[in-house]
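Have a look at the structure below before the remarks.
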Number of protein chains: 2
Amino acid sequence: MPLTPSEKALVPFVSVDHMMQLVHHIGLADMLRGIADNIEEDFRRWPLFDKTPRVASHSEQGVIELMPTSDGDVYGFKYVNGHPSNTRDGLQTVTAFGLLADVATGYPVLLTEMTLLTALRTAATSALAARVLAPKNSKVMAMIGSGAQSEFQSLAMQAIAGIEEVRLYDIDPAATTKCAANLKGTGLRVVECTTAEEAILSAQIITTCTADKQYATILTDNMIGAGVHINAIGGDCPGKTELAPAILHRADIFVEFPEQTRIEGEIQQLDDDHPVTEFWEVLTGAATGRIDPAQITLFDSVGFAIEDFSALRYVRTHIEAPPFYHPLDLLADPDDPRDLYGMLARAKP
Amino acid sequence: MPLTPSEKALVPFVSVDHMMQLVHHIGLADMLRGIADNIEEDFRRWPLFDKTPRVASHSEQGVIELMPTSDGDVYGFKYVNGHPSNTRDGLQTVTAFGLLADVATGYPVLLTEMTLLTALRTAATSALAARVLAPKNSKVMAMIGSGAQSEFQSLAMQAIAGIEEVRLYDIDPAATTKCAANLKGTGLRVVECTTAEEAILSAQIITTCTADKQYATILTDNMIGAGVHINAIGGDCPGKTELAPAILHRADIFVEFPEQTRIEGEIQQLDDDHPVTEFWEVLTGAATGRIDPAQITLFDSVGFAIEDFSALRYVRTHIEAPPFYHPLDLLADPDDPRDLYGMLARAKP
């Protein structure tokens, strides 16, 4: 007879469908703001987190990564892959799932899809950084790359950083058309552009989010004038960058976790001791952000485990009523913890 | 309307109940032998695996670990905790789950409980090492510690290493009684002992598997005579050992992955350059195992990611008919991979 596992053995599991229903229940803009608030809160207590560069397994086709962190009470990690060639086979470039566990017992307390949630937390992080670092009253964003992240970036910049117009460009016009169609009715003014140069016209914020695994030059030096904020998302693993090195030398660079960004970010193109500012220090006031309207600020974002942690704990506190999860029989839980074998023996059909 | 996720988005999930049914379907002894065969196969191709010491997050109460590896085609990792104080609250000391993914796409292909499976793979690894390293015709094992691992260790030693008698000892007599009762009818001769000294009488194999997070001395130097094989399981994290250092100096020491064992195993008590033999090299013939019946061999086992990988691929190839899994909606899979937002939008209730 199959035994009914006890409460302790059941882990709440948020499926993709649950996550989509949760987003619609809360509203995307509110959820992006809520996740950004959690990220800001966690970045402000940055020193107390267990931090480690993600554990990456590289192959010719891509990378599989584990991103763990802990605040001492709760432990979280994300599994995420990055396979740019996947789209050719009808698969996602990035898929992910994540977990929270109780540090005191090691028992998982949440398992959730994170493909969607990663898109949300990445956009929320970008918009939080833009709100803090972009020129005051930025209203126009250029969005270079119209892939799976583009709508979330655009809507987070609207919800969190006050952007009113997005200017879209992608080497594949069909992608731009897709993005523009999706953004219809959101309140954003959407301009489809046929070149990257056209997209950046009048933009105070320039987001790059392309997916080739190579040293690409999405932005050349002469495209970047004074007084802009660059939100560089796509350069996120060794050998994958988007910006001309000359831009990096003219910009003030803000990063999440330098130990990781120097390996994976745009700054892998620079010397190991090139000065960068940790973004969390701008939030706490320990470091300065933008000090001059003419300055070029660059958020060299590769994604860090604490952002996932913040998103996971947002989900954990919002799935209860109505339940946006189902209980998963993930953990063996014998009545007598030393009697795992007895539990197995009693389950004999 | 919730969308039906496509095949690619569904990951086979093996629950605790599925795993128990699978064990009974195959038979525990056969499953232990099958896993040991996979471990031997994978240990023989050791150099081609991606190897890294596990990624541990330590707290006062215990540790949470991620153990990734890859053979270039398949990636696997295990989440596992170790919280010795858990049993006081009716929880398992160790719980675990694991995953396999396709390296070419990064897509998970199996998610499974691993609390039970870890018990099986640990026992299979111990018995494989004992078959190779213990004195010829070993028939008697002392089992020090009668916790959750003890029955699996005993039955694996019977199925794989030819053990006919187990001599049980635990500081808690109730645990020994539990273990002895569970082993009734298995064909093993079971002797309940009231001291560790009594347990090791006539034993050619001595297994230590106790769970205190401290430097303990389960075996003192004068307890260990010539011609035995010690299977040391319980010393598996920094600050947690079971053997008197003097025993280590008299033994030939075999380990899984030295970089990890020097941090976590019994040999954390020795100098960093104390000679040890990698067990996989004994299997390939690159190193010698036991060369003398009077020798003391010690398998200082802390558990390594490749063993989990071997167990995971065993499960993957045995769950199809009848299905011992159910499909889990873990991965977002929009029709157009660049249109994650469109998938979300269309899921609006």
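Each chain in the structure tokens gets a letter, A, B, ..., in the order shown, and its residues are numbered from 1; ligands are numbered from 1 in order too.
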Review point. Could you pull the residues within 9 Å of range 306-308 of chain A, counting only C-alpha atoms, minus those fewer than 3 positions along the same chain, as a PyMOL selection string?
Key: chain A and resi 35-36+38-39+42-43+46+49+51+67-70+76-78+98+114+117-118+121-122+125+303+311-313
Write out as a JSON list (two decimals) with N, CA and C atoms, in the first residue's frame the residues lying within 7 Å of Cys179 in chain A, counting only C-alpha atoms and excluding same-chain residues fewer than 6 positions away.
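Written out: selection-v3.json:
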```json
[["chain", "number", "residue", "atom", "x", "y", "z"],
["A", 146, "SER", "N", 14.89, 41.71, -29.30],
["A", 146, "SER", "CA", 13.45, 41.61, -29.03],
["A", 146, "SER", "C", 13.07, 40.17, -28.68],
["A", 150, "SER", "N", 12.44, 40.88, -23.78],
["A", 150, "SER", "CA", 12.22, 42.28, -24.18],
["A", 150, "SER", "C", 10.93, 42.88, -23.61],
["A", 151, "GLU", "N", 9.84, 42.15, -23.64],
["A", 151, "GLU", "CA", 8.60, 42.71, -23.10],
["A", 151, "GLU", "C", 8.71, 42.93, -21.58]]
```
Contacts of Ser57 in chain B at 12 Å or less, counting only C-alpha atoms, minus same-chain residues fewer than 4 places along, as a PDB file with N, CA and C atoms, in the first residue's frame?
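This is the output file result_19.pdb:
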```pdb
ATOM      1  N   PHE A  49      24.477  37.902   3.407  1.00  0.00           N
ATOM      2  CA  PHE A  49      24.236  36.737   2.546  1.00  0.00           C
ATOM      3  C   PHE A  49      25.515  35.930   2.319  1.00  0.00           C
ATOM      4  N   ASP A  50      25.334  34.630   2.240  1.00  0.00           N
ATOM      5  CA  ASP A  50      26.343  33.697   1.751  1.00  0.00           C
ATOM      6  C   ASP A  50      26.454  33.917   0.244  1.00  0.00           C
ATOM      7  N   LYS A  51      27.627  34.332  -0.229  1.00  0.00           N
ATOM      8  CA  LYS A  51      27.744  34.652  -1.658  1.00  0.00           C
ATOM      9  C   LYS A  51      28.835  33.811  -2.309  1.00  0.00           C
ATOM     10  N   THR A  52      28.536  33.300  -3.476  1.00  0.00           N
ATOM     11  CA  THR A  52      29.523  32.537  -4.223  1.00  0.00           C
ATOM     12  C   THR A  52      29.226  32.713  -5.704  1.00  0.00           C
ATOM     13  N   MET A  67      22.922  28.335  -8.769  1.00  0.00           N
ATOM     14  CA  MET A  67      23.140  29.630  -8.129  1.00  0.00           C
ATOM     15  C   MET A  67      22.576  29.598  -6.711  1.00  0.00           C
ATOM     16  N   PRO A  68      23.409  29.221  -5.737  1.00  0.00           N
ATOM     17  CA  PRO A  68      22.929  29.144  -4.361  1.00  0.00           C
ATOM     18  C   PRO A  68      23.232  30.411  -3.557  1.00  0.00           C
ATOM     19  N   THR A  69      22.422  30.673  -2.563  1.00  0.00           N
ATOM     20  CA  THR A  69      22.714  31.720  -1.578  1.00  0.00           C
ATOM     21  C   THR A  69      21.891  31.444  -0.323  1.00  0.00           C
ATOM     22  N   SER A  70      22.174  32.179   0.724  1.00  0.00           N
ATOM     23  CA  SER A  70      21.447  32.004   1.982  1.00  0.00           C
ATOM     24  C   SER A  70      21.552  33.282   2.793  1.00  0.00           C
ATOM     25  N   ASP A  71      20.463  33.620   3.500  1.00  0.00           N
ATOM     26  CA  ASP A  71      20.525  34.779   4.397  1.00  0.00           C
ATOM     27  C   ASP A  71      20.676  34.336   5.847  1.00  0.00           C
ATOM     28  N   GLY A  72      20.968  33.052   6.055  1.00  0.00           N
ATOM     29  CA  GLY A  72      21.150  32.533   7.402  1.00  0.00           C
ATOM     30  C   GLY A  72      19.907  31.844   7.935  1.00  0.00           C
ATOM     31  N   ASP A  73      18.737  32.296   7.485  1.00  0.00           N
ATOM     32  CA  ASP A  73      17.485  31.647   7.885  1.00  0.00           C
ATOM     33  C   ASP A  73      16.917  30.797   6.757  1.00  0.00           C
ATOM     34  N   VAL A  74      17.040  31.344   5.545  1.00  0.00           N
ATOM     35  CA  VAL A  74      16.487  30.671   4.375  1.00  0.00           C
ATOM     36  C   VAL A  74      17.605  30.480   3.359  1.00  0.00           C
ATOM     37  N   TYR A  75      17.618  29.303   2.749  1.00  0.00           N
ATOM     38  CA  TYR A  75      18.583  28.964   1.705  1.00  0.00           C
ATOM     39  C   TYR A  75      17.821  28.897   0.393  1.00  0.00           C
ATOM     40  N   GLY A  76      18.424  29.391  -0.672  1.00  0.00           N
ATOM     41  CA  GLY A  76      17.780  29.295  -1.973  1.00  0.00           C
ATOM     42  C   GLY A  76      18.785  28.944  -3.040  1.00  0.00           C
ATOM     43  N   PHE A  77      18.318  28.273  -4.066  1.00  0.00           N
ATOM     44  CA  PHE A  77      19.172  28.124  -5.241  1.00  0.00           C
ATOM     45  C   PHE A  77      18.315  28.043  -6.485  1.00  0.00           C
ATOM     46  N   ALA A 101      14.767  26.574   1.008  1.00  0.00           N
ATOM     47  CA  ALA A 101      14.809  25.583   2.080  1.00  0.00           C
ATOM     48  C   ALA A 101      15.033  26.296   3.406  1.00  0.00           C
ATOM     49  N   ASP A 102      14.615  25.610   4.459  1.00  0.00           N
ATOM     50  CA  ASP A 102      14.783  26.101   5.821  1.00  0.00           C
ATOM     51  C   ASP A 102      16.207  25.760   6.275  1.00  0.00           C
ATOM     52  N   VAL A 103      16.996  26.785   6.596  1.00  0.00           N
ATOM     53  CA  VAL A 103      18.391  26.545   6.987  1.00  0.00           C
ATOM     54  C   VAL A 103      18.478  25.674   8.248  1.00  0.00           C
ATOM     55  N   ALA A 104      17.536  25.840   9.164  1.00  0.00           N
ATOM     56  CA  ALA A 104      17.606  25.130  10.437  1.00  0.00           C
ATOM     57  C   ALA A 104      17.438  23.620  10.285  1.00  0.00           C
ATOM     58  N   GLY A 106      17.211  22.093   6.804  1.00  0.00           N
ATOM     59  CA  GLY A 106      17.605  21.648   5.475  1.00  0.00           C
ATOM     60  C   GLY A 106      16.444  21.172   4.623  1.00  0.00           C
TER      61      GLY A 106
ATOM     62  N   GLN B  61      23.309  24.451  12.551  1.00  0.00           N
ATOM     63  CA  GLN B  61      22.539  23.210  12.679  1.00  0.00           C
ATOM     64  C   GLN B  61      22.957  22.122  11.699  1.00  0.00           C
ATOM     65  N   GLY B  62      23.583  22.510  10.603  1.00  0.00           N
ATOM     66  CA  GLY B  62      23.918  21.494   9.622  1.00  0.00           C
ATOM     67  C   GLY B  62      24.455  22.081   8.336  1.00  0.00           C
ATOM     68  N   VAL B  63      24.221  21.382   7.251  1.00  0.00           N
ATOM     69  CA  VAL B  63      24.776  21.805   5.983  1.00  0.00           C
ATOM     70  C   VAL B  63      23.782  21.491   4.868  1.00  0.00           C
ATOM     71  N   ILE B  64      23.739  22.387   3.873  1.00  0.00           N
ATOM     72  CA  ILE B  64      22.973  22.132   2.652  1.00  0.00           C
ATOM     73  C   ILE B  64      23.972  22.133   1.504  1.00  0.00           C
ATOM     74  N   GLU B  65      23.912  21.100   0.677  1.00  0.00           N
ATOM     75  CA  GLU B  65      24.924  20.946  -0.359  1.00  0.00           C
ATOM     76  C   GLU B  65      24.309  20.728  -1.731  1.00  0.00           C
ATOM     77  N   LEU B  66      25.014  21.228  -2.735  1.00  0.00           N
ATOM     78  CA  LEU B  66      24.696  20.926  -4.130  1.00  0.00           C
ATOM     79  C   LEU B  66      25.874  20.144  -4.691  1.00  0.00           C
ATOM     80  N   MET B  67      25.578  19.041  -5.369  1.00  0.00           N
ATOM     81  CA  MET B  67      26.628  18.166  -5.874  1.00  0.00           C
ATOM     82  C   MET B  67      26.430  17.944  -7.375  1.00  0.00           C
ATOM     83  N   TYR B  79      20.655  17.839  -4.566  1.00  0.00           N
ATOM     84  CA  TYR B  79      20.491  18.701  -3.391  1.00  0.00           C
ATOM     85  C   TYR B  79      20.432  17.775  -2.198  1.00  0.00           C
ATOM     86  N   VAL B  80      21.243  18.045  -1.196  1.00  0.00           N
ATOM     87  CA  VAL B  80      21.199  17.191  -0.006  1.00  0.00           C
ATOM     88  C   VAL B  80      21.521  18.010   1.230  1.00  0.00           C
ATOM     89  N   ASN B  81      20.812  17.724   2.314  1.00  0.00           N
ATOM     90  CA  ASN B  81      21.134  18.386   3.574  1.00  0.00           C
ATOM     91  C   ASN B  81      21.666  17.359   4.561  1.00  0.00           C
ATOM     92  N   GLY B  82      22.349  17.825   5.575  1.00  0.00           N
ATOM     93  CA  GLY B  82      22.797  16.977   6.671  1.00  0.00           C
ATOM     94  C   GLY B  82      22.597  17.745   7.964  1.00  0.00           C
ATOM     95  N   HIS B  83      21.615  17.341   8.734  1.00  0.00           N
ATOM     96  CA  HIS B  83      21.257  18.035   9.977  1.00  0.00           C
ATOM     97  C   HIS B  83      21.081  17.006  11.087  1.00  0.00           C
ATOM     98  N   CYS B 237      31.766  15.582   6.957  1.00  0.00           N
ATOM     99  CA  CYS B 237      31.818  17.032   6.779  1.00  0.00           C
ATOM    100  C   CYS B 237      32.846  17.620   7.744  1.00  0.00           C
ATOM    101  N   PRO B 238      33.275  18.862   7.503  1.00  0.00           N
ATOM    102  CA  PRO B 238      34.308  19.436   8.364  1.00  0.00           C
ATOM    103  C   PRO B 238      33.873  19.380   9.825  1.00  0.00           C
TER     104      PRO B 238
END
```
Practice item. Hey, list the chain B side of the contact with chain A: 7 Å cut-off, only C-alpha atoms, answer as a PyMOL selection string. Key: chain B and resi 2+15-17+20+24+61+64+81+83+86-87+90-92+95+104-106+113+115-116+147-148+151+182+329-333+336-342+344+347-348
Exercise for review: From a DSSP pass on the backbone, collect the residues of range 230-343 of chain B flagged as strand (DSSP E or B) and hand them back as an MDAnalysis selection string.
Suggested key: chainID B and resid 230:232 237 240:243 252:255 277:278 297:300 326:329
